[in-house]
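Here's the structure we're looking at; comments come further down.
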Amino acid sequence: MKTLRMIALAGLFAAPLSMADVVVIAHPNGPDNLSENDVRDLYLNRSNAATPFEIAKGSDVRREFHDWITGRSNSQLQSFWAEQTFTGEGQPPAEVSDSARMVDEVAATPNSVGYADPADVDDSVEVILKR
């Protein structure tokens with residue numbers, strides 16, 4: 001019983017540590033002043049005001065971003081984009097391998113947005129939203 005209690009207690013303390021921090025970033029020359037709703041619209045194919053980039057599936061940063069901005073899980077996003085592609089309404093954002101690569105892509109692509117772990121962000125991009 002004591003072991004079970006210790007495991008449960010350890011789980012409570014470890015849970016917050018598994019959450020990834022995430023910020024929304026943009027190319028230094030814009031877009032500027034995007035709200036959470038504006039970013040949601042970009043990632044759900046409701047706006048073409050900027051070019052969004054996506055981190056590959058399996059990333060904690062990706063999961064945290066979509067929990068915050070779109071409210072959709074990876075499987076929900078996969079279904080959404082399958083329908084968008086099938087109906088000819090759009091293609092999913094181009095994927096990058098990880099948070100550091102996201103910073104590089106956004107810095108190199110005018111009028112683009114992405115999201116990243118704050119530890120990977122440098123002055124080559126602008127942070128436009130923080131959670």
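Identifiers for the structure tokens are assigned positionally: chains receive A, B, ... in sequence, residues are indexed from 1 per chain, and ligands are indexed from 1 in the order shown.
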Near Ser99 in chain A, within 12 Å and counting only C-alpha atoms, which residues show up once chain neighbours fewer than 2 positions away are dropped, as a ChimeraX atom specification?
/A:20-25,53-62,65,95-97,101-106,114-122
Spatial neighbours of range 26-33 of chain A, 6 Å, only C-alpha atoms, chain gap at least 6 places, as a ChimeraX atom specification
/A:106-107,110-113,125-126
Judged by only C-alpha atoms, the minimum distance to Gly71 in chain A among A:Asn37, A:Thr109, A:Gln91, A:Ser124 is found for A:Asn37
Sel. of alpha helix (DSSP H) residues, range 90-131 of chain A, as a VMD selection string
chain A and resid 99 to 108
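A straight line drawn from CA of Leu77 in chain A to CA of Leu44 in chain A is 8.7 Å long.
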Take CA of Ser75 in chain A and CA of Asn48 in chain A and report the distance between them in Å, one decimal.
23.3 Å
Nearest candidate to Gly88 in chain A (options A:Asn74, A:Ile69, A:Asn45, A:Asp38; using only C-alpha atoms)
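Answer, going by the shortest atom-to-atom distance: A:Asn45.
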Would you work out the distance separating CA of Pro93 in chain A from CA of Ala50 in chain A, expressed in Å to one decimal?
10.9 Å
Pick out the residues sitting within 10 Å of Arg40 in chain A, and hand them over as number ranges by chain; count only C-alpha atoms, and ignore anything fewer than 6 positions along from it in its own chain.
A: 34, 46-47, 66, 68-71
Range 58-119 of chain A: residues DSSP assigns to strand (DSSP E or B), reported as an MDAnalysis selection string:
chainID A and resid 94:96 112:116
Write the selection just made, keeping N, CA and C atoms, as a PDB file, in the first residue's frame?
ATOM      1  N   ALA A  94       3.169  22.599 -44.064  1.00  0.00           N
ATOM      2  CA  ALA A  94       4.425  21.867 -44.234  1.00  0.00           C
ATOM      3  C   ALA A  94       4.971  21.530 -42.854  1.00  0.00           C
ATOM      4  N   GLU A  95       5.527  20.317 -42.716  1.00  0.00           N
ATOM      5  CA  GLU A  95       6.051  19.866 -41.435  1.00  0.00           C
ATOM      6  C   GLU A  95       7.560  20.046 -41.339  1.00  0.00           C
ATOM      7  N   VAL A  96       7.994  20.345 -40.130  1.00  0.00           N
ATOM      8  CA  VAL A  96       9.415  20.377 -39.800  1.00  0.00           C
ATOM      9  C   VAL A  96       9.647  19.332 -38.719  1.00  0.00           C
ATOM     10  N   SER A 112       5.522  34.023 -42.459  1.00  0.00           N
ATOM     11  CA  SER A 112       5.211  32.704 -41.924  1.00  0.00           C
ATOM     12  C   SER A 112       5.057  32.745 -40.416  1.00  0.00           C
ATOM     13  N   VAL A 113       4.364  31.727 -39.891  1.00  0.00           N
ATOM     14  CA  VAL A 113       4.199  31.556 -38.452  1.00  0.00           C
ATOM     15  C   VAL A 113       4.482  30.112 -38.094  1.00  0.00           C
ATOM     16  N   GLY A 114       4.780  29.913 -36.833  1.00  0.00           N
ATOM     17  CA  GLY A 114       5.001  28.579 -36.299  1.00  0.00           C
ATOM     18  C   GLY A 114       4.902  28.640 -34.797  1.00  0.00           C
ATOM     19  N   TYR A 115       5.351  27.593 -34.174  1.00  0.00           N
ATOM     20  CA  TYR A 115       5.356  27.535 -32.718  1.00  0.00           C
ATOM     21  C   TYR A 115       6.611  26.781 -32.300  1.00  0.00           C
ATOM     22  N   ALA A 116       7.078  27.057 -31.094  1.00  0.00           N
ATOM     23  CA  ALA A 116       8.339  26.461 -30.666  1.00  0.00           C
ATOM     24  C   ALA A 116       8.439  26.451 -29.152  1.00  0.00           C
TER      25      ALA A 116
END
